[in-house]
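Next comes run26.cif, a file with mmCIF, C-alpha atoms.
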```cif
data_structure
#
loop_
_atom_site.label_atom_id
_atom_site.label_comp_id
_atom_site.auth_asym_id
_atom_site.auth_seq_id
_atom_site.Cartn_x
_atom_site.Cartn_y
_atom_site.Cartn_z
CA MET A 603 2.30 -24.18 -13.72
CA LYS A 604 2.91 -25.58 -10.28
CA ILE A 605 0.46 -24.21 -7.74
CA SER A 606 2.42 -22.89 -4.82
CA LYS A 607 1.41 -22.05 -1.27
CA ALA A 608 0.55 -18.51 -2.39
CA PHE A 609 -2.58 -19.89 -4.02
CA SER A 610 -3.80 -21.25 -0.72
CA ARG A 611 -4.22 -17.83 0.86
CA SER A 612 -5.70 -14.48 -0.05
CA LEU A 613 -3.85 -11.79 -1.96
CA TRP A 614 -3.85 -8.56 0.00
CA ALA A 615 -2.97 -5.31 -1.72
CA PHE A 616 -1.77 -1.95 -0.44
CA HIS A 617 -2.47 1.15 -2.50
CA PHE A 618 0.09 3.96 -2.63
CA ASN A 619 -0.69 7.32 -4.23
CA ALA A 620 2.60 8.87 -5.37
CA GLY A 621 1.08 12.08 -6.71
CA SER A 622 -1.79 10.81 -8.81
CA CYS A 623 -4.60 13.10 -10.00
CA ASN A 624 -7.09 10.68 -8.34
CA GLY A 625 -8.33 9.33 -11.67
CA CYS A 626 -6.63 5.97 -11.06
CA GLU A 627 -7.87 5.97 -7.45
CA ILE A 628 -11.46 6.28 -8.68
CA GLU A 629 -10.91 3.28 -10.97
CA ILE A 630 -9.29 1.27 -8.15
CA VAL A 631 -12.26 2.03 -5.91
CA ALA A 632 -14.57 1.04 -8.80
CA THR A 633 -12.64 -2.23 -9.02
CA ILE A 634 -13.41 -3.18 -5.43
CA THR A 635 -17.15 -2.40 -5.71
CA PRO A 636 -19.70 -5.24 -5.77
CA ARG A 637 -19.90 -4.98 -9.58
CA TYR A 638 -16.48 -6.68 -9.85
CA ASP A 639 -16.18 -7.93 -6.26
CA PRO A 640 -12.58 -9.18 -6.13
CA GLU A 641 -13.00 -9.81 -2.40
CA ARG A 642 -14.89 -13.04 -3.17
CA PHE A 643 -11.43 -14.34 -4.09
CA GLY A 644 -9.88 -12.85 -0.96
CA ILE A 645 -8.33 -9.95 -2.87
CA LYS A 646 -8.71 -6.74 -0.88
CA LEU A 647 -7.02 -3.48 0.00
CA VAL A 648 -5.31 -3.30 3.40
CA GLY A 649 -4.17 -0.34 5.46
CA SER A 650 -0.54 -1.23 6.09
CA PRO A 651 2.33 -2.34 3.84
CA LYS A 652 3.27 -4.83 6.54
CA HIS A 653 0.11 -6.84 5.74
CA THR A 654 0.42 -6.83 1.99
CA ASP A 655 1.70 -9.04 -0.82
CA LEU A 656 1.00 -6.57 -3.62
CA LEU A 657 1.90 -2.87 -3.77
CA ILE A 658 -0.36 -0.92 -6.13
CA VAL A 659 1.26 2.40 -7.04
CA THR A 660 -0.42 5.27 -8.88
CA GLY A 661 0.95 8.65 -9.90
CA PRO A 662 4.17 9.93 -11.43
CA VAL A 663 6.09 10.03 -8.07
CA THR A 664 6.67 13.61 -6.99
CA LYS A 665 9.90 14.62 -5.28
CA LYS A 666 8.20 14.63 -1.88
CA MET A 667 6.76 11.14 -2.38
CA GLY A 668 9.93 9.46 -3.71
CA PRO A 669 11.55 8.69 -0.32
CA VAL A 670 8.15 7.74 1.13
CA LEU A 671 7.51 5.25 -1.68
CA ARG A 672 10.98 3.75 -1.21
CA ARG A 673 10.40 3.35 2.55
CA VAL A 674 6.94 1.81 2.10
CA TYR A 675 8.34 -0.66 -0.46
CA ASP A 676 11.17 -1.61 1.91
CA GLN A 677 8.68 -2.28 4.72
CA ILE A 678 6.69 -4.88 2.75
CA PRO A 679 7.59 -8.46 3.71
CA ASP A 680 9.16 -10.65 1.02
CA PRO A 681 8.11 -11.99 -1.42
CA LYS A 682 6.28 -8.98 -2.84
CA VAL A 683 5.15 -7.71 -6.21
CA VAL A 684 4.55 -4.19 -7.46
CA LEU A 685 1.71 -3.18 -9.77
CA CYS A 686 1.96 0.16 -11.51
CA VAL A 687 -1.52 1.48 -12.35
CA GLY A 688 -1.83 4.28 -14.89
CA THR A 689 0.31 5.92 -17.51
CA CYS A 690 1.74 8.49 -15.08
CA GLY A 691 3.62 5.82 -13.16
CA GLN A 692 5.16 4.45 -16.34
CA SER A 693 6.32 7.62 -18.06
CA GLY A 694 5.09 10.62 -16.12
CA GLY A 695 2.05 10.81 -18.42
CA VAL A 696 0.71 14.34 -18.69
CA PHE A 697 3.32 15.37 -16.08
CA TYR A 698 6.19 14.09 -18.24
CA ASP A 699 9.52 15.90 -17.67
CA SER A 700 8.10 18.06 -14.90
CA TYR A 701 10.63 19.75 -12.60
CA ASN A 702 8.70 18.32 -9.67
CA LEU A 703 9.06 14.60 -10.46
CA GLU A 704 11.43 12.01 -9.10
CA GLY A 705 9.68 9.17 -11.01
CA PRO A 706 8.55 7.31 -13.00
CA ILE A 707 7.96 4.52 -10.51
CA ASP A 708 10.48 2.02 -11.89
CA GLU A 709 13.27 4.53 -11.24
CA ILE A 710 12.43 4.39 -7.52
CA ILE A 711 11.42 0.75 -6.92
CA PRO A 712 11.31 -2.39 -9.12
CA VAL A 713 7.95 -2.79 -10.90
CA ASP A 714 6.61 -6.23 -11.88
CA VAL A 715 3.39 -5.42 -13.74
CA TYR A 716 2.30 -2.29 -15.66
CA VAL A 717 -1.35 -1.39 -16.30
CA PRO A 718 -1.39 1.44 -18.86
CA GLY A 719 -4.27 3.86 -19.27
CA CYS A 720 -5.41 7.30 -18.18
CA ALA A 721 -7.10 6.01 -16.18
CA PRO A 722 -7.20 2.23 -16.79
CA ARG A 723 -10.59 0.50 -16.57
CA PRO A 724 -11.32 -1.90 -13.67
CA GLU A 725 -11.08 -4.88 -16.06
CA ALA A 726 -7.52 -3.84 -16.90
CA ILE A 727 -6.62 -3.42 -13.21
CA ILE A 728 -8.05 -6.87 -12.43
CA HIS A 729 -6.00 -8.34 -15.27
CA GLY A 730 -2.91 -6.65 -13.81
CA VAL A 731 -3.66 -8.03 -10.34
CA VAL A 732 -4.06 -11.56 -11.71
CA THR A 733 -0.77 -11.21 -13.60
CA ALA A 734 0.89 -9.97 -10.41
CA LEU A 735 -0.57 -12.93 -8.51
CA GLN A 736 1.00 -15.31 -11.02
CA LYS A 737 4.35 -13.57 -10.54
CA LEU A 738 3.94 -13.85 -6.75
CA GLU A 739 3.25 -17.58 -7.07
CA ARG A 740 6.42 -18.01 -9.09
CA LEU A 741 8.39 -16.02 -6.48
CA GLU A 742 6.97 -18.13 -3.65
CA GLY A 743 7.73 -21.23 -5.70
CA GLY A 744 11.41 -20.29 -5.50
CA GLU A 745 11.96 -18.18 -8.62
CA LYS A 746 14.51 -15.40 -8.15
CA MET B 48 -5.92 -23.09 54.34
CA GLU B 49 -4.49 -25.37 51.72
CA LEU B 50 -2.48 -23.68 48.94
CA THR B 51 -4.58 -24.98 46.05
CA GLY B 52 -7.93 -24.22 47.66
CA THR B 53 -10.54 -21.92 46.21
CA LEU B 54 -11.10 -18.62 47.97
CA LEU B 55 -14.68 -17.38 47.83
CA THR B 56 -14.97 -13.63 48.35
CA GLY B 57 -18.71 -13.22 48.00
CA TYR B 58 -18.18 -11.39 44.68
CA GLY B 59 -16.17 -14.09 42.90
CA PHE B 60 -13.48 -16.64 43.55
CA TRP B 61 -9.73 -17.02 43.42
CA ASN B 62 -7.91 -20.26 42.67
CA PRO B 63 -4.14 -20.39 42.03
CA VAL B 64 -4.40 -23.58 39.94
CA ILE B 65 -6.90 -21.97 37.56
CA LEU B 66 -4.68 -18.87 37.37
CA ILE B 67 -1.63 -20.96 36.41
CA LEU B 68 -3.65 -22.94 33.84
CA ALA B 69 -5.05 -19.70 32.36
CA GLY B 70 -1.50 -18.32 32.15
CA LEU B 71 -0.29 -21.46 30.38
CA VAL B 72 -3.18 -21.39 27.88
CA THR B 73 -2.63 -17.67 27.19
CA GLY B 74 1.09 -18.28 26.73
CA LEU B 75 0.37 -21.17 24.34
CA VAL B 76 -2.03 -19.02 22.25
CA ALA B 77 0.54 -16.18 22.19
CA TYR B 78 3.27 -18.60 21.12
CA LEU B 79 1.12 -20.06 18.32
CA LEU B 80 0.31 -16.54 17.05
CA TRP B 81 4.00 -15.58 17.20
CA LYS B 82 4.92 -18.79 15.40
CA ARG B 83 2.65 -17.86 12.48
CA GLY B 84 4.69 -14.68 11.87
CA VAL B 85 7.07 -14.25 8.94
CA SER B 86 10.46 -15.45 10.12
CA THR B 87 12.29 -14.64 6.90
CA TYR B 88 12.23 -10.87 7.33
CA ARG B 89 15.44 -8.97 6.67
CA LYS B 90 17.08 -8.13 9.97
CA GLY B 91 18.12 -4.51 10.48
CA SER B 92 16.05 -3.29 7.50
CA GLU B 93 12.96 -1.08 7.24
CA GLN B 94 10.88 -4.24 7.69
CA GLU B 95 11.63 -4.05 11.42
CA LYS B 96 10.48 -0.43 11.75
CA PRO B 97 6.93 0.77 12.37
CA TYR B 98 4.76 2.00 9.51
CA ILE B 99 4.00 5.70 10.06
CA SER B 100 2.37 6.49 6.71
CA GLY B 101 5.79 6.12 5.08
CA ASN B 102 7.39 8.81 7.25
CA PRO B 103 10.73 8.14 8.95
CA GLU B 104 10.58 6.92 12.52
CA PRO B 105 11.28 9.88 14.84
CA GLU B 106 13.96 9.69 17.51
CA LYS B 107 12.70 8.20 20.75
CA ASN B 108 13.43 11.49 22.56
CA ALA B 109 11.21 13.37 20.13
CA VAL B 110 8.12 11.27 20.86
CA HIS B 111 8.72 10.35 24.50
CA ILE B 112 5.99 11.58 26.85
CA ARG B 113 7.45 12.50 30.23
CA GLY B 114 5.92 11.20 33.45
CA GLY B 115 5.33 14.81 34.53
CA ASN B 116 2.51 15.01 31.96
CA VAL B 117 0.42 12.84 34.26
CA TYR B 118 0.37 15.70 36.76
CA TRP B 119 -0.54 18.35 34.21
CA GLY B 120 -3.90 19.22 35.81
CA PHE B 121 -2.30 19.48 39.23
CA THR B 122 0.54 21.77 38.14
CA GLU B 123 -1.86 23.83 35.97
CA GLY B 124 -4.20 24.33 38.94
CA LEU B 125 -1.32 25.41 41.21
CA LYS B 126 0.70 27.30 38.62
CA GLY B 127 0.66 30.47 40.77
CA PHE B 128 2.50 28.48 43.46
CA TYR B 129 4.84 26.67 41.07
CA SER B 130 5.80 29.84 39.18
CA ARG B 131 7.32 31.15 42.44
CA VAL B 132 8.73 27.90 43.83
CA ILE B 133 10.42 26.51 40.72
CA PRO B 134 12.82 29.49 40.18
CA ALA B 135 13.89 29.18 43.84
CA HIS B 136 15.05 25.60 43.17
CA SER B 137 18.21 26.66 41.39
CA GLY B 138 20.15 23.46 42.11
CA ASP B 139 22.90 25.53 43.75
CA LEU B 140 23.68 24.28 47.31
CA ASN B 141 24.71 27.78 48.41
CA ASP B 142 21.21 29.06 47.62
CA TYR B 143 19.63 26.25 49.60
CA MET B 144 21.91 26.91 52.62
CA LEU B 145 21.04 30.61 52.44
CA TRP B 146 17.33 29.74 52.50
CA TYR B 147 17.95 27.32 55.38
CA PHE B 148 19.83 29.80 57.54
CA GLY B 149 17.58 32.69 56.53
CA VAL B 150 14.41 30.83 57.58
CA MET B 151 16.12 29.56 60.77
CA ILE B 152 17.18 33.11 61.75
CA ALA B 153 13.65 34.34 61.06
CA ILE B 154 12.14 31.60 63.28
CA CYS B 155 14.68 32.32 66.05
CA ALA B 156 13.87 36.03 65.82
CA VAL B 157 10.13 35.32 66.09
CA VAL B 158 10.73 33.05 69.10
CA VAL B 159 12.95 35.65 70.84
CA ILE B 160 10.59 38.54 70.15
CA PHE B 161 7.35 36.82 71.15
CA GLN B 162 8.61 34.67 74.04
#
```
Please, can you express the file's structure as structure tokens?
Amino acid sequence: MKISKAFSRSLWAFHFNAGSCNGCEIEIVATITPRYDPERFGIKLVGSPKHTDLLIVTGPVTKKMGPVLRRVYDQIPDPKVVLCVGTCGQSGGVFYDSYNLEGPIDEIIPVDVYVPGCAPRPEAIIHGVVTALQKLERLEGGEK
Amino acid sequence: MELTGTLLTGYGFWNPVILILAGLVTGLVAYLLWKRGVSTYRKGSEQEKPYISGNPEPEKNAVHIRGGNVYWGFTEGLKGFYSRVIPAHSGDLNDYMLWYFGVMIAICAVVVIFQ
């Protein structure tokens, strides 16, 4: 695999909660603790989608959060990748077929990597982030 | 005094050459920062709009703070005065002429009575 420019700088991630029960949030926070310490590789959470390369989305996407998620995704500079964390974002999970859902996530925005689990362990989230980073490198290398 | 000379005020100094150089250096730094920005953004898309926690950008009129807000303490302190004066300013020229002639007649009457 050709190493692109993306490898030369840090991967910054923005976390978006689209109606999650907070289980996935706890695991994401556990992922950025010193036990796993992804920041030693420059991987960290940022406070604005305008600063990010990776959008981490949790939750089944409620009707209220659908337009917000779409707007946040549109505001991220290209190239960008989306990581769906948790089963809810993939299928609705325990909220499947609820009257209150606009999701799952890939019906709102394109998703590049899925991390299943309720909630997924930090190791699984890190694996998803690394997979997303590889996709980002391919995108920056010119892949459509 | 020569134009490029240094003016000593006792508290500091002023030199136009240093000011121009500082302006040029600041401009260069600003240009280099601007140059590092992403130039491939999609024009006219959401990427140009501010991030307000994912909420739509309000109309400018809805978030504009009027200059009158600067005088809030002043108008609040004199609200007894303003509550009477503001209704009198109707914007109708006839009202203003009535006030003008009314006050003038009153002054003339005072002058005639107390002369």
Compile the residues of chain A that lie within 7 Å of chain B, evaluated using all atoms listed in the file, and express the compilation as a PDB file with C-alpha atoms, in the coordinates of the input.
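New file iface-v8.pdb:
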```pdb
ATOM      1  CA  VAL A 670       8.150   7.740   1.130  1.00  0.00           C
ATOM      2  CA  ARG A 673      10.400   3.350   2.550  1.00  0.00           C
ATOM      3  CA  VAL A 674       6.940   1.810   2.100  1.00  0.00           C
ATOM      4  CA  ASP A 676      11.170  -1.610   1.910  1.00  0.00           C
ATOM      5  CA  GLN A 677       8.680  -2.280   4.720  1.00  0.00           C
ATOM      6  CA  ILE A 678       6.690  -4.880   2.750  1.00  0.00           C
ATOM      7  CA  PRO A 679       7.590  -8.460   3.710  1.00  0.00           C
TER       8      PRO A 679
END
```
Applying 8 Å and all atoms listed in the file, which residues near segment 726-734 of chain A remain after dropping the ones on its own chain fewer than 6 positions away? List them as an MDAnalysis selection string.
chainID A and resid 630 633 656 683:685 687 714:717
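Summary of the local environment: counting all atoms listed in the file, residues at most 12 Å from Tyr698 of chain A, other than itself and those fewer than 5 positions away along its chain, are A:Gly661, A:Pro662, A:Val663, A:Thr664, A:Thr689, A:Cys690, A:Gly691, A:Gln692, A:Ser693, A:Leu703, A:Glu704, A:Gly705, A:Pro706.
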To one decimal place, how far is atom CA of Glu627 of chain A from atom CA of Val659 of chain A in Å?
9.8 Å
Straight-line distance linking atom CA of Pro669 of chain A with atom CA of Ile707 of chain A, stated in Å to one decimal
11.6 Å
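Near segment 636-652 of chain A, within a cut-off of 6 Å and counting only C-alpha atoms, sit the residues A:Ser612, A:Leu613, A:Trp614, A:Ala615, A:Phe616, A:Ile678, with same-chain residues fewer than 5 positions away left out.
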Please measure the separation of atom CA of Asp142 of chain B and atom CA of Cys155 of chain B, giving the value in Å to one decimal.
19.8 Å
Among A:Pro724, A:Pro712, A:Gly694, A:Gly625, Leu671 of chain A is approached most closely, using all atoms listed in the file, by A:Pro712
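Using all atoms listed in the file, the nearest neighbour of Thr660 of chain A within the list A:Arg611, A:Lys682, A:Pro722, A:Ile634 is A:Pro722.
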May I have the centre and edge lengths, in Å to one decimal, of an axis-aligned box around the listed atoms of segment 142-156 of chain B with 5 Å added to every side, as AutoDock Vina command-line options?
```
--center_x 17.0 --center_y 31.1 --center_z 56.8 --size_x 19.8 --size_y 19.8 --size_z 28.4
```
Contacts of segment 50-54 of chain B at 12 Å or less, counting all atoms listed in the file, minus same-chain residues fewer than 2 places along, as JSON, numbers by chain?
{"B": [48, 56, 57, 58, 59, 60, 61, 62, 63, 64, 65, 66, 67]}
